[in-house]
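Listing of model_20.cif; format and content: mmCIF, C-alpha atoms.
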data_run
loop_
_atom_site.label_atom_id
_atom_site.label_comp_id
_atom_site.auth_asym_id
_atom_site.auth_seq_id
_atom_site.Cartn_x
_atom_site.Cartn_y
_atom_site.Cartn_z
CA MET A 1 -4.32 7.44 -7.86
CA ASN A 2 -2.43 7.13 -11.13
CA GLY A 3 0.85 8.09 -9.47
CA VAL A 4 4.50 7.35 -10.00
CA HIS A 5 4.25 4.58 -7.38
CA ASP A 6 2.26 2.41 -9.79
CA LEU A 7 5.36 1.12 -11.57
CA GLY A 8 4.08 -2.27 -12.74
CA GLY A 9 4.68 -2.80 -16.43
CA THR A 10 6.93 0.22 -16.91
CA HIS A 11 10.30 -0.12 -18.63
CA GLY A 12 13.74 1.34 -18.04
CA HIS A 13 14.23 0.81 -14.31
CA GLY A 14 16.86 -1.90 -14.72
CA PRO A 15 16.88 -5.44 -13.33
CA ILE A 16 15.62 -6.28 -9.86
CA ALA A 17 18.81 -7.56 -8.28
CA PRO A 18 18.81 -7.45 -4.47
CA PRO A 19 22.18 -8.20 -2.86
CA ALA A 20 22.51 -11.76 -1.53
CA GLU A 21 23.01 -10.58 2.05
CA GLU A 22 20.77 -7.52 2.18
CA PRO A 23 20.77 -5.94 5.65
CA ILE A 24 17.39 -5.23 7.27
CA PHE A 25 18.46 -1.61 7.73
CA ALA A 26 20.96 -0.03 5.35
CA HIS A 27 21.51 2.95 7.65
CA ASP A 28 21.05 3.58 11.37
CA TRP A 29 18.40 6.27 10.79
CA GLU A 30 16.23 3.66 9.05
CA ARG A 31 16.15 1.69 12.30
CA ARG A 32 14.74 4.79 14.01
CA MET A 33 12.16 5.28 11.27
CA PHE A 34 10.85 1.75 11.83
CA ALA A 35 10.73 2.41 15.58
CA LEU A 36 8.88 5.69 15.04
CA PHE A 37 6.19 4.02 12.94
CA VAL A 38 5.12 1.70 15.76
CA PRO A 39 3.87 4.29 18.31
CA ALA A 40 2.56 6.61 15.58
CA PHE A 41 0.51 3.84 13.99
CA GLY A 42 -0.32 1.98 17.21
CA GLY A 43 -1.28 5.29 18.79
CA GLY A 44 -4.04 5.66 16.24
CA HIS A 45 -2.67 8.65 14.33
CA PHE A 46 -3.26 6.94 10.98
CA ASN A 47 -4.24 3.63 9.41
CA VAL A 48 -2.16 1.63 6.94
CA ASP A 49 -4.11 2.86 3.92
CA GLU A 50 -3.64 6.51 4.87
CA PHE A 51 0.06 5.68 5.31
CA ARG A 52 0.35 4.14 1.83
CA HIS A 53 -1.56 7.03 0.26
CA ALA A 54 0.71 9.58 1.96
CA ILE A 55 3.64 7.85 0.21
CA GLU A 56 1.79 7.98 -3.12
CA ARG A 57 1.30 11.73 -2.67
CA MET A 58 5.06 12.36 -2.51
CA ASP A 59 6.64 14.54 -5.17
CA PRO A 60 7.24 12.04 -8.03
CA VAL A 61 10.94 12.84 -8.41
CA HIS A 62 11.49 12.56 -4.65
CA TYR A 63 9.57 9.28 -4.65
CA LEU A 64 11.79 7.71 -7.32
CA HIS A 65 15.01 8.95 -5.70
CA GLY A 66 13.94 8.15 -2.16
CA THR A 67 14.69 4.90 -0.39
CA TYR A 68 12.06 2.67 1.23
CA TYR A 69 12.45 4.18 4.70
CA GLU A 70 12.65 7.70 3.26
CA HIS A 71 9.12 7.05 2.03
CA TRP A 72 8.16 6.03 5.57
CA HIS A 73 9.80 9.17 6.95
CA HIS A 74 7.87 11.35 4.52
CA ALA A 75 4.53 9.64 5.29
CA ILE A 76 4.99 9.87 9.07
CA GLU A 77 5.79 13.60 8.86
CA THR A 78 2.93 14.29 6.43
CA LEU A 79 0.32 12.45 8.47
CA LEU A 80 1.38 13.70 11.92
CA ILE A 81 1.07 17.25 10.53
CA GLU A 82 -2.23 16.64 8.73
CA LYS A 83 -3.72 14.96 11.81
CA GLY A 84 -2.63 17.82 14.04
CA ALA A 85 -0.23 15.84 16.24
CA ILE A 86 2.57 18.25 15.33
CA THR A 87 2.75 21.45 13.27
CA ARG A 88 4.95 22.18 10.26
CA GLU A 89 6.44 25.06 12.28
CA GLU A 90 7.40 22.71 15.13
CA LEU A 91 9.01 20.29 12.67
CA ASP A 92 10.91 23.06 10.85
CA ALA A 93 12.10 24.49 14.17
CA LYS A 94 13.38 21.08 15.26
CA ILE A 95 15.21 20.61 11.97
CA ARG A 96 16.86 24.03 12.37
CA GLN A 97 17.85 23.10 15.93
CA LEU A 98 19.38 19.78 14.83
CA LYS A 99 21.31 21.62 12.12
CA GLY A 100 22.69 23.90 14.84
CA GLU A 101 21.07 26.97 13.33
CA GLN A 102 19.65 28.19 16.63
CA MET B 1 -6.35 8.55 21.26
CA PRO B 2 -4.91 5.13 22.27
CA VAL B 3 -1.61 5.11 24.09
CA VAL B 4 1.13 2.69 23.06
CA THR B 5 2.99 1.24 26.02
CA LYS B 6 6.27 -0.64 25.99
CA ASP B 7 4.61 -4.05 26.54
CA MET B 8 2.48 -3.56 23.39
CA ILE B 9 5.45 -3.02 21.07
CA PRO B 10 6.37 -6.69 20.39
CA LEU B 11 2.78 -7.49 19.34
CA ILE B 12 2.54 -4.47 17.01
CA VAL B 13 5.89 -5.31 15.41
CA LYS B 14 4.90 -8.97 15.04
CA THR B 15 1.40 -8.51 13.60
CA GLY B 16 1.97 -5.28 11.70
CA ALA B 17 -0.98 -3.54 10.21
CA SER B 18 -3.37 -6.26 9.11
CA GLY B 19 -6.28 -5.04 7.04
CA ARG B 20 -8.45 -8.05 7.92
CA ALA B 21 -11.93 -6.80 8.80
CA HIS B 22 -14.10 -7.96 11.70
CA GLY B 23 -17.34 -7.51 9.78
CA ASP B 24 -18.83 -10.01 7.34
CA ALA B 25 -19.66 -9.60 3.66
CA ALA B 26 -21.06 -11.86 0.95
CA PRO B 27 -18.57 -12.83 -1.77
CA SER B 28 -19.55 -11.92 -5.34
CA PHE B 29 -17.18 -14.51 -6.82
CA GLN B 30 -15.99 -18.08 -6.29
CA VAL B 31 -12.64 -19.73 -6.92
CA GLY B 32 -12.42 -20.55 -10.63
CA ASP B 33 -14.63 -17.64 -11.77
CA LYS B 34 -13.42 -15.52 -14.68
CA VAL B 35 -13.47 -11.84 -13.78
CA ARG B 36 -12.60 -8.56 -15.46
CA ALA B 37 -10.80 -5.86 -13.48
CA LYS B 38 -12.79 -2.65 -13.79
CA ASN B 39 -11.29 0.33 -15.54
CA PHE B 40 -11.46 3.23 -13.11
CA ASN B 41 -8.93 5.97 -12.42
CA PRO B 42 -9.64 7.68 -9.11
CA PRO B 43 -7.36 10.53 -8.03
CA THR B 44 -7.71 8.96 -4.56
CA HIS B 45 -6.14 5.79 -3.12
CA THR B 46 -6.70 2.42 -4.76
CA ARG B 47 -4.83 -0.88 -4.86
CA LEU B 48 -5.94 -1.75 -8.39
CA PRO B 49 -2.79 -1.45 -10.53
CA ARG B 50 -3.12 0.40 -13.82
CA TYR B 51 -1.75 -2.45 -15.94
CA VAL B 52 -4.52 -4.81 -14.90
CA ARG B 53 -7.50 -2.52 -15.53
CA GLY B 54 -9.85 -3.93 -18.15
CA LYS B 55 -8.02 -7.27 -18.18
CA VAL B 56 -9.58 -10.70 -17.61
CA GLY B 57 -8.25 -13.07 -14.97
CA THR B 58 -9.30 -16.07 -12.88
CA ILE B 59 -10.05 -16.16 -9.15
CA VAL B 60 -7.45 -18.45 -7.54
CA MET B 61 -8.14 -17.93 -3.85
CA ASP B 62 -10.58 -16.16 -1.54
CA HIS B 63 -8.58 -14.54 1.26
CA GLY B 64 -11.65 -13.60 3.31
CA VAL B 65 -12.97 -10.21 4.33
CA PHE B 66 -10.76 -7.12 4.49
CA VAL B 67 -11.02 -3.38 4.97
CA THR B 68 -11.39 -1.46 1.69
CA PRO B 69 -8.25 0.68 1.20
CA ASP B 70 -10.02 3.04 -1.22
CA THR B 71 -12.32 4.30 1.52
CA ALA B 72 -10.18 3.71 4.62
CA ALA B 73 -7.39 5.89 3.20
CA HIS B 74 -9.77 8.85 3.14
CA GLY B 75 -11.71 8.53 6.40
CA LEU B 76 -14.72 7.06 4.56
CA GLY B 77 -15.11 3.86 6.57
CA GLU B 78 -13.92 0.27 6.43
CA HIS B 79 -16.48 -1.18 3.96
CA PRO B 80 -15.53 -4.83 4.64
CA GLN B 81 -15.46 -6.95 1.48
CA HIS B 82 -13.81 -10.09 0.13
CA VAL B 83 -10.30 -9.98 -1.28
CA TYR B 84 -9.32 -12.54 -3.89
CA ASN B 85 -6.08 -13.65 -5.42
CA VAL B 86 -6.58 -13.30 -9.17
CA ALA B 87 -4.31 -14.82 -11.84
CA PHE B 88 -3.74 -12.92 -15.09
CA GLY B 89 -1.96 -14.47 -18.06
CA GLY B 90 1.08 -12.72 -19.52
CA ASP B 91 -0.58 -12.63 -22.94
CA GLU B 92 -3.68 -10.96 -21.49
CA LEU B 93 -1.62 -8.29 -19.71
CA TRP B 94 1.10 -7.59 -22.25
CA GLY B 95 -0.18 -8.94 -25.56
CA GLY B 96 2.29 -9.50 -28.37
CA ASN B 97 4.48 -12.55 -27.79
CA ALA B 98 3.98 -12.66 -24.01
CA SER B 99 3.38 -16.21 -22.83
CA PRO B 100 0.04 -17.33 -21.36
CA LYS B 101 2.13 -19.60 -19.12
CA ASP B 102 3.51 -16.52 -17.36
CA LYS B 103 1.06 -15.51 -14.65
CA VAL B 104 0.77 -12.45 -12.48
CA TYR B 105 -1.13 -13.10 -9.25
CA ILE B 106 -2.68 -10.01 -7.67
CA ASP B 107 -4.80 -9.59 -4.55
CA LEU B 108 -7.88 -7.62 -5.57
CA TRP B 109 -10.96 -6.38 -3.71
CA ASP B 110 -14.49 -7.52 -4.67
CA ASP B 111 -15.43 -3.99 -5.82
CA TYR B 112 -12.54 -3.95 -8.31
CA LEU B 113 -13.99 -6.87 -10.27
CA GLU B 114 -16.92 -7.65 -12.55
CA ALA B 115 -18.21 -11.01 -13.74
CA VAL B 116 -17.26 -12.39 -17.16
CA ALA B 117 -19.50 -14.94 -18.88
CA PRO B 118 -17.74 -18.35 -18.79
#
Please express what this file holds, its structure, as structure tokens.
Amino acid sequence: MNGVHDLGGTHGHGPIAPPAEEPIFAHDWERRMFALFVPAFGGGHFNVDEFRHAIERMDPVHYLHGTYYEHWHHAIETLLIEKGAITREELDAKIRQLKGEQ
Amino acid sequence: MPVVTKDMIPLIVKTGASGRAHGDAAPSFQVGDKVRAKNFNPPTHTRLPRYVRGKVGTIVMDHGVFVTPDTAAHGLGEHPQHVYNVAFGGDELWGGNASPKDKVYIDLWDDYLEAVAP
């Protein structure tokens, strides 16, 4: 797929300059995203290639803005819905609940 | 559907998601062979980067037999095949004043490559 993920050889993204002491997780929610991947993958809901392709299928603007674990989050949601483990309605309802909307 | 139990977690975290295949496959290329990356543009998953398509490189290493991402990403089977580390010169990839001493090493699947006469 000739997607926005295939960045090799493109200009204008600035230097690659990771901080000297980069933490494994920049935010606590990223820790949870890593933990969520393990049972979802190990449970056979998707393989690693389906996971990578789900990231490639992200909206291009969201992809470029999103952090590494945001890509994981998107792929896990996409694949669990596509594979029928959860429904979009269940996910949306949970998000509304967490926002305190119901 | 397999069930992940607590005792399985350390192994999954440690080994990750290896794409190494159990099946066997004959290699089309040997270390030292010159190869050209094919020019194809599927709307589906591939691990052949755009900037290397149509470019000539040299096989540096044979990693062994791996699952093919292009099919596995779409429920079309594992299609075990060899994966090679291929070196491409900077001048070949970028032209102009790019140095042939600069190398980009990319892991590429057998199907991505075609032979080039030495």
Chain B residues near chain A within 10 Å, closest pair each, using all atoms listed in the file, as JSON lines:
{"residue": "B:Met1", "atom": "CA", "partner": "A:Gly44", "partner_atom": "CA", "distance": 6.2}
{"residue": "B:Pro2", "atom": "CA", "partner": "A:Gly43", "partner_atom": "CA", "distance": 5.0}
{"residue": "B:Val3", "atom": "CA", "partner": "A:Gly43", "partner_atom": "CA", "distance": 5.3}
{"residue": "B:Val4", "atom": "CA", "partner": "A:Gly43", "partner_atom": "CA", "distance": 5.5}
{"residue": "B:Thr5", "atom": "CA", "partner": "A:Pro39", "partner_atom": "CA", "distance": 8.3}
{"residue": "B:Lys6", "atom": "CA", "partner": "A:Pro39", "partner_atom": "CA", "distance": 9.4}
{"residue": "B:Met8", "atom": "CA", "partner": "A:Gly42", "partner_atom": "CA", "distance": 8.8}
{"residue": "B:Ile9", "atom": "CA", "partner": "A:Val38", "partner_atom": "CA", "distance": 7.1}
{"residue": "B:Pro10", "atom": "CA", "partner": "A:Val38", "partner_atom": "CA", "distance": 9.7}
{"residue": "B:Ile12", "atom": "CA", "partner": "A:Val38", "partner_atom": "CA", "distance": 6.8}
{"residue": "B:Val13", "atom": "CA", "partner": "A:Val38", "partner_atom": "CA", "distance": 7.1}
{"residue": "B:Gly16", "atom": "CA", "partner": "A:Val38", "partner_atom": "CA", "distance": 8.7}
{"residue": "B:Ala17", "atom": "CA", "partner": "A:Val48", "partner_atom": "CA", "distance": 6.2}
{"residue": "B:Ser18", "atom": "CA", "partner": "A:Val48", "partner_atom": "CA", "distance": 8.3}
{"residue": "B:Gly19", "atom": "CA", "partner": "A:Val48", "partner_atom": "CA", "distance": 7.8}
{"residue": "B:Phe40", "atom": "CA", "partner": "A:Met1", "partner_atom": "CA", "distance": 9.8}
{"residue": "B:Asn41", "atom": "CA", "partner": "A:Met1", "partner_atom": "CA", "distance": 6.6}
{"residue": "B:Pro42", "atom": "CA", "partner": "A:Met1", "partner_atom": "CA", "distance": 5.5}
{"residue": "B:Pro43", "atom": "CA", "partner": "A:Met1", "partner_atom": "CA", "distance": 4.3}
{"residue": "B:Thr44", "atom": "CA", "partner": "A:Met1", "partner_atom": "CA", "distance": 5.0}
{"residue": "B:His45", "atom": "CA", "partner": "A:Met1", "partner_atom": "CA", "distance": 5.3}
{"residue": "B:Thr46", "atom": "CA", "partner": "A:Met1", "partner_atom": "CA", "distance": 6.4}
{"residue": "B:Arg47", "atom": "CA", "partner": "A:Met1", "partner_atom": "CA", "distance": 8.9}
{"residue": "B:Leu48", "atom": "CA", "partner": "A:Asp6", "partner_atom": "CA", "distance": 9.3}
{"residue": "B:Pro49", "atom": "CA", "partner": "A:Asp6", "partner_atom": "CA", "distance": 6.4}
{"residue": "B:Arg50", "atom": "CA", "partner": "A:Asp6", "partner_atom": "CA", "distance": 7.0}
{"residue": "B:Tyr51", "atom": "CA", "partner": "A:Gly9", "partner_atom": "CA", "distance": 6.5}
{"residue": "B:Val52", "atom": "CA", "partner": "A:Gly8", "partner_atom": "CA", "distance": 9.2}
{"residue": "B:Val67", "atom": "CA", "partner": "A:Asp49", "partner_atom": "CA", "distance": 9.4}
{"residue": "B:Thr68", "atom": "CA", "partner": "A:Asp49", "partner_atom": "CA", "distance": 8.8}
{"residue": "B:Pro69", "atom": "CA", "partner": "A:Asp49", "partner_atom": "CA", "distance": 5.4}
{"residue": "B:Asp70", "atom": "CA", "partner": "A:Asp49", "partner_atom": "CA", "distance": 7.8}
{"residue": "B:Thr71", "atom": "CA", "partner": "A:Asp49", "partner_atom": "CA", "distance": 8.7}
{"residue": "B:Ala72", "atom": "CA", "partner": "A:Asp49", "partner_atom": "CA", "distance": 6.2}
{"residue": "B:Ala73", "atom": "CA", "partner": "A:Glu50", "partner_atom": "CA", "distance": 4.2}
{"residue": "B:His74", "atom": "CA", "partner": "A:Glu50", "partner_atom": "CA", "distance": 6.8}
{"residue": "B:Gly75", "atom": "CA", "partner": "A:Glu50", "partner_atom": "CA", "distance": 8.5}
{"residue": "B:Leu93", "atom": "CA", "partner": "A:Gly9", "partner_atom": "CA", "distance": 9.0}
{"residue": "B:Trp94", "atom": "CA", "partner": "A:Gly9", "partner_atom": "CA", "distance": 8.3}
What is the distance between atom CA of Val104 of chain B and atom CA of Gly89 of chain B, in Å to one decimal? 6.5 Å
Explicit residue set for the PyMOL selection byres ((chain B and resi 105) around 8), as a PyMOL selection string: chain B and resi 85-88+103-104+106-107
So that I have them on file, write out the residues from the current selection with C-alpha atoms, as a PDB file, keeping the file's coordinate frame.
ATOM      1  CA  ASN B  85      -6.080 -13.650  -5.420  1.00  0.00           C
ATOM      2  CA  VAL B  86      -6.580 -13.300  -9.170  1.00  0.00           C
ATOM      3  CA  ALA B  87      -4.310 -14.820 -11.840  1.00  0.00           C
ATOM      4  CA  PHE B  88      -3.740 -12.920 -15.090  1.00  0.00           C
ATOM      5  CA  LYS B 103       1.060 -15.510 -14.650  1.00  0.00           C
ATOM      6  CA  VAL B 104       0.770 -12.450 -12.480  1.00  0.00           C
ATOM      7  CA  ILE B 106      -2.680 -10.010  -7.670  1.00  0.00           C
ATOM      8  CA  ASP B 107      -4.800  -9.590  -4.550  1.00  0.00           C
TER       9      ASP B 107
END
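Of the residues listed (B:Ala21, B:Glu92, B:Leu11, B:Val83), B:Glu92 shows the shortest atom-to-atom separation from Arg53 of chain B; distances use all atoms listed in the file.
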Given the PyMOL selection byres ((chain B and resi 24) around 8) and the file above, list the residues it selects as number ranges by chain. B: 21-23, 25-26, 65, 80-81
Would you write out those residues with C-alpha atoms, as a JSON list (two decimals), keeping the file's coordinate frame?
[["chain", "number", "residue", "atom", "x", "y", "z"],
["B", 21, "ALA", "CA", -11.93, -6.80, 8.80],
["B", 22, "HIS", "CA", -14.10, -7.96, 11.70],
["B", 23, "GLY", "CA", -17.34, -7.51, 9.78],
["B", 25, "ALA", "CA", -19.66, -9.60, 3.66],
["B", 26, "ALA", "CA", -21.06, -11.86, 0.95],
["B", 65, "VAL", "CA", -12.97, -10.21, 4.33],
["B", 80, "PRO", "CA", -15.53, -4.83, 4.64],
["B", 81, "GLN", "CA", -15.46, -6.95, 1.48]]
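Here, the PyMOL selection byres ((chain B and resi 117) around 12) matches Asp33, Lys34, Val35, Arg36, Val56, Thr58, Glu114, Ala115, Val116 and Pro118 of chain B.
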Set the distance at 10 Å and use only C-alpha atoms: which residues neighbour segment 64-73 of chain A once local chain neighbours fewer than 3 positions away are removed? I'd like the list as a PDB file with C-alpha atoms, in the frame of the given file.
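Once everything was written out, this is around29.pdb:
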ATOM      1  CA  VAL A   4       4.500   7.350 -10.000  1.00  0.00           C
ATOM      2  CA  HIS A   5       4.250   4.580  -7.380  1.00  0.00           C
ATOM      3  CA  PHE A  25      18.460  -1.610   7.730  1.00  0.00           C
ATOM      4  CA  ALA A  26      20.960  -0.030   5.350  1.00  0.00           C
ATOM      5  CA  HIS A  27      21.510   2.950   7.650  1.00  0.00           C
ATOM      6  CA  TRP A  29      18.400   6.270  10.790  1.00  0.00           C
ATOM      7  CA  GLU A  30      16.230   3.660   9.050  1.00  0.00           C
ATOM      8  CA  ARG A  31      16.150   1.690  12.300  1.00  0.00           C
ATOM      9  CA  ARG A  32      14.740   4.790  14.010  1.00  0.00           C
ATOM     10  CA  MET A  33      12.160   5.280  11.270  1.00  0.00           C
ATOM     11  CA  PHE A  34      10.850   1.750  11.830  1.00  0.00           C
ATOM     12  CA  LEU A  36       8.880   5.690  15.040  1.00  0.00           C
ATOM     13  CA  PHE A  37       6.190   4.020  12.940  1.00  0.00           C
ATOM     14  CA  PHE A  51       0.060   5.680   5.310  1.00  0.00           C
ATOM     15  CA  ARG A  52       0.350   4.140   1.830  1.00  0.00           C
ATOM     16  CA  ALA A  54       0.710   9.580   1.960  1.00  0.00           C
ATOM     17  CA  ILE A  55       3.640   7.850   0.210  1.00  0.00           C
ATOM     18  CA  GLU A  56       1.790   7.980  -3.120  1.00  0.00           C
ATOM     19  CA  MET A  58       5.060  12.360  -2.510  1.00  0.00           C
ATOM     20  CA  ASP A  59       6.640  14.540  -5.170  1.00  0.00           C
ATOM     21  CA  PRO A  60       7.240  12.040  -8.030  1.00  0.00           C
ATOM     22  CA  VAL A  61      10.940  12.840  -8.410  1.00  0.00           C
ATOM     23  CA  ILE A  76       4.990   9.870   9.070  1.00  0.00           C
ATOM     24  CA  GLU A  77       5.790  13.600   8.860  1.00  0.00           C
ATOM     25  CA  THR A  78       2.930  14.290   6.430  1.00  0.00           C
TER      26      THR A  78
END
Could I see segment 76-92 of chain B restored to N, CA and C atoms, set down as a compact mmCIF listing (two decimals), in the coordinates of the input?
# COMPACT_ATOMS: atom_id res chain seq x y z
N LEU B 76 -13.36 7.34 5.04
CA LEU B 76 -14.72 7.06 4.56
C LEU B 76 -15.21 5.68 4.99
N GLY B 77 -14.60 5.12 6.02
CA GLY B 77 -15.11 3.86 6.57
C GLY B 77 -14.38 2.63 6.06
N GLU B 78 -14.67 1.51 6.72
CA GLU B 78 -13.92 0.27 6.43
C GLU B 78 -14.50 -0.53 5.26
N HIS B 79 -15.81 -0.45 5.04
CA HIS B 79 -16.48 -1.18 3.96
C HIS B 79 -15.90 -2.59 3.77
N PRO B 80 -16.10 -3.47 4.74
CA PRO B 80 -15.53 -4.83 4.64
C PRO B 80 -16.01 -5.55 3.38
N GLN B 81 -15.10 -6.18 2.67
CA GLN B 81 -15.46 -6.95 1.48
C GLN B 81 -14.40 -8.02 1.23
N HIS B 82 -14.75 -9.00 0.41
CA HIS B 82 -13.81 -10.09 0.13
C HIS B 82 -12.64 -9.60 -0.72
N VAL B 83 -11.49 -10.21 -0.46
CA VAL B 83 -10.30 -9.98 -1.28
C VAL B 83 -9.91 -11.32 -1.89
N TYR B 84 -9.66 -11.31 -3.18
CA TYR B 84 -9.32 -12.54 -3.89
C TYR B 84 -7.93 -12.44 -4.49
N ASN B 85 -7.29 -13.60 -4.61
CA ASN B 85 -6.08 -13.65 -5.42
C ASN B 85 -6.52 -14.00 -6.84
N VAL B 86 -6.14 -13.15 -7.78
CA VAL B 86 -6.58 -13.30 -9.17
C VAL B 86 -5.35 -13.50 -10.06
N ALA B 87 -5.43 -14.52 -10.93
CA ALA B 87 -4.31 -14.82 -11.84
C ALA B 87 -4.61 -14.21 -13.21
N PHE B 88 -3.63 -13.49 -13.74
CA PHE B 88 -3.74 -12.92 -15.09
C PHE B 88 -2.62 -13.50 -15.94
N GLY B 89 -2.97 -13.93 -17.15
CA GLY B 89 -1.96 -14.47 -18.06
C GLY B 89 -1.11 -13.36 -18.65
N GLY B 90 0.17 -13.69 -18.93
CA GLY B 90 1.08 -12.72 -19.52
C GLY B 90 0.55 -12.19 -20.85
N ASP B 91 -0.07 -13.07 -21.64
CA ASP B 91 -0.58 -12.63 -22.94
C ASP B 91 -1.73 -11.65 -22.78
N GLU B 92 -2.56 -11.87 -21.74
CA GLU B 92 -3.68 -10.96 -21.49
C GLU B 92 -3.17 -9.58 -21.06
